[in-house]
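Structure first, then comments.
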Amino acid sequence: MRLKCNAKINLCLWVKGKREDGYHLLDGVMQSVDIFDIITVNKATKITVECSNKEFSGEKNIAFTAAKVFFEATKITGGAKIFIEKGIPDAAGLGGGSADAAGVLLALNKLYKTDLSSAELSKLAVRLGADVPFFIEGGTMRARGVGEILDKLPCPSGIYFLIAKDGVKPSTAQMYRHLDNLENPYIPNTEEFVKALSCQNIDLALTHIGNSFQSVTGLYGIDEVLNGTNYNAICLSGSGPSVFAVYKDENDANTALKLLKSKGITAFKSVPIKQSIEIIE
């Protein structure tokens, strides 16, 4: 089975605080975008993972852990031969590994005919990471709790995302520690963003885009590079280092894309889509 596993960006991300067990409480909106990895999953006698980027082959890949969790939960004696063709930039805050993990769960559920529901798959997904449950369905979702409480939202239309990566991904754990120590971290207004998006008032929604982690990292200078390119909003994705700018005019987005690439910055133009995982064959 071959699947297209699409990336995500965080249209809003408010880190609200920390639970007694150390996990952070979130309130944000995640959005699937048309940048993707392609994974191929076949039945096998054991679990193996190969990746087009050899650095991510083997047991350290979250796709391996996803397969292990599936077989442990279903008590099936089996395996999976997994190949990942990377299209999503590594360590970028775009959820590439999480998308692949969700894709493996969905593929094995079909290959082994276990008929697990989306809710049951999400329970397995949360064991793999806070944003993995989102990728089981994807599209546009408000994510709360530690990322496992998901509510579907309408997918925005008529906008283009310009996603830029120009930096090294910081340790997420370290980012949380820095954020915990800030006296007045930036708090995006997720509630107002959700209200505006629910009414399809895209202009108003864009005024509420934001990410708590910007208090720690800023925007990696991408906002300065794109100054004057007529973007409608700009924001950090996840814990970085990817930054995305939102354009309502595709020509403006194309001009900005050329500008970023001329400066040697990894960049992609994308659009919002309504699902994370697509079965190719």
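Convention: chains lettered A, B, ... in structure tokens order; per-chain residue numbering from 1; ligands numbered from 1 as shown.
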
Quick one: everything within 7 Å of segment 63-79 of chain A, counting only C-alpha atoms, minus sequence neighbours fewer than 5 positions away in the same chain. Send it as a ChimeraX atom specification.
/A:43-49,100-101,104-105,124,128

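Residues surrounding Glu85 of chain A within 10 Å are Lys4, Phe36, Asp37, Ile38, Ile39, Thr40, Glu50, Cys51, Ser52, Asn53 and Ile88 of chain A [only C-alpha atoms; sequence separation below 3 positions excluded].
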
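Around Ser262 of chain A, within 12 Å and counting only C-alpha atoms, the residues found are Val225, Thr255 and Ala256 of chain A, once anything fewer than 6 positions away on its own chain is removed.
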
I'd like the interatomic distance between atom CA of Lys258 of chain A and atom CA of Ile202 of chain A, to a tenth of an Å.
25.5 Å

Give me the residues near Lys261 of chain A as a PyMOL selection string, where near means some atom within 12 Å (using only C-alpha atoms) and where sequence neighbours in that chain fewer than 5 positions away do not count.
chain A and resi 162-166+225-226+254-256+266-269

Report the residues of segment 158-249 of chain A whose backbone DSSP state falls under helix (DSSP H, G or I), written as a PyMOL selection string.
chain A and resi 172-180+190-198+202-206+214-217+222-225

Point-to-point distance in Å for atom CA of Ser98 of chain A and atom CA of Leu11 of chain A:
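Spanning atom CA of Leu11 of chain A to atom CA of Ser98 of chain A is a straight-line distance of 17.3 Å.
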
Can you list every residue in segment 56-228 of chain A that DSSP puts in strand (DSSP E or B), as a PyMOL selection string?
chain A and resi 79-85+140-145+149-152+160-165+210-211

Could you please take those selected residues and save N, CA, C and O atoms as a short mmCIF file (atom, residue, chain, number, x, y, z; two decimals), in the first residue's frame?
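File written: selection-v6.cif
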data_model
loop_
_atom_site.label_atom_id
_atom_site.label_comp_id
_atom_site.auth_asym_id
_atom_site.auth_seq_id
_atom_site.Cartn_x
_atom_site.Cartn_y
_atom_site.Cartn_z
N GLY A 79 4.42 -8.33 10.73
CA GLY A 79 5.43 -7.30 10.57
C GLY A 79 5.07 -6.38 9.42
O GLY A 79 4.02 -6.51 8.79
N ALA A 80 5.97 -5.48 9.13
CA ALA A 80 5.75 -4.50 8.07
C ALA A 80 7.07 -4.08 7.45
O ALA A 80 8.04 -3.81 8.17
N LYS A 81 7.09 -4.06 6.14
CA LYS A 81 8.23 -3.51 5.42
C LYS A 81 7.83 -2.12 4.97
O LYS A 81 6.91 -1.94 4.17
N ILE A 82 8.52 -1.11 5.51
CA ILE A 82 8.12 0.29 5.31
C ILE A 82 9.23 1.03 4.58
O ILE A 82 10.40 0.97 4.97
N PHE A 83 8.85 1.73 3.51
CA PHE A 83 9.80 2.62 2.82
C PHE A 83 9.22 4.02 2.78
O PHE A 83 8.06 4.21 2.43
N ILE A 84 10.05 4.99 3.16
CA ILE A 84 9.62 6.39 3.23
C ILE A 84 10.41 7.22 2.23
O ILE A 84 11.65 7.27 2.29
N GLU A 85 9.69 7.84 1.32
CA GLU A 85 10.31 8.79 0.38
C GLU A 85 10.03 10.19 0.89
O GLU A 85 8.89 10.65 0.88
N THR A 140 -8.35 20.66 8.93
CA THR A 140 -8.24 21.81 9.83
C THR A 140 -8.86 21.42 11.16
O THR A 140 -10.04 21.08 11.21
N MET A 141 -8.08 21.45 12.22
CA MET A 141 -8.59 20.99 13.51
C MET A 141 -8.04 21.84 14.66
O MET A 141 -6.87 22.21 14.66
N ARG A 142 -8.93 22.09 15.62
CA ARG A 142 -8.49 22.67 16.89
C ARG A 142 -7.98 21.52 17.74
O ARG A 142 -8.62 20.48 17.87
N ALA A 143 -6.81 21.70 18.32
CA ALA A 143 -6.19 20.66 19.15
C ALA A 143 -6.00 21.20 20.56
O ALA A 143 -5.37 22.24 20.76
N ARG A 144 -6.55 20.47 21.52
CA ARG A 144 -6.43 20.87 22.92
C ARG A 144 -5.93 19.72 23.77
O ARG A 144 -5.64 18.64 23.25
N GLY A 145 -5.81 19.95 25.08
CA GLY A 145 -5.22 18.95 25.96
C GLY A 145 -3.73 18.88 25.67
O GLY A 145 -3.05 19.92 25.60
N ILE A 149 -7.28 16.13 22.05
CA ILE A 149 -8.68 16.56 21.97
C ILE A 149 -8.83 17.37 20.69
O ILE A 149 -8.34 18.50 20.59
N LEU A 150 -9.50 16.79 19.70
CA LEU A 150 -9.54 17.38 18.36
C LEU A 150 -10.96 17.72 17.94
O LEU A 150 -11.88 16.92 18.11
N ASP A 151 -11.13 18.90 17.38
CA ASP A 151 -12.42 19.34 16.87
C ASP A 151 -12.25 19.85 15.44
O ASP A 151 -11.39 20.70 15.17
N LYS A 152 -13.08 19.31 14.55
CA LYS A 152 -12.99 19.67 13.13
C LYS A 152 -13.44 21.11 12.91
O LYS A 152 -14.41 21.58 13.50
N TYR A 160 -2.73 31.20 0.24
CA TYR A 160 -1.53 30.43 -0.10
C TYR A 160 -0.54 30.56 1.05
O TYR A 160 -0.40 31.64 1.64
N PHE A 161 0.13 29.47 1.35
CA PHE A 161 1.15 29.48 2.38
C PHE A 161 2.52 29.44 1.73
O PHE A 161 2.78 28.63 0.83
N LEU A 162 3.39 30.30 2.18
CA LEU A 162 4.80 30.25 1.78
C LEU A 162 5.58 29.81 3.01
O LEU A 162 5.67 30.54 4.00
N ILE A 163 6.09 28.59 2.96
CA ILE A 163 6.75 27.98 4.11
C ILE A 163 8.26 28.03 3.90
O ILE A 163 8.77 27.58 2.87
N ALA A 164 8.97 28.59 4.87
CA ALA A 164 10.41 28.77 4.75
C ALA A 164 11.13 28.15 5.94
O ALA A 164 10.68 28.29 7.09
N LYS A 165 12.22 27.45 5.66
CA LYS A 165 13.05 26.89 6.72
C LYS A 165 14.47 27.41 6.55
O LYS A 165 15.13 27.11 5.56
N GLY A 210 -0.91 33.07 15.43
CA GLY A 210 0.21 33.29 16.34
C GLY A 210 0.67 32.00 16.99
O GLY A 210 0.00 30.97 16.92
N ASN A 211 1.83 32.06 17.64
CA ASN A 211 2.47 30.87 18.21
C ASN A 211 3.25 31.28 19.46
O ASN A 211 4.11 32.16 19.40
#
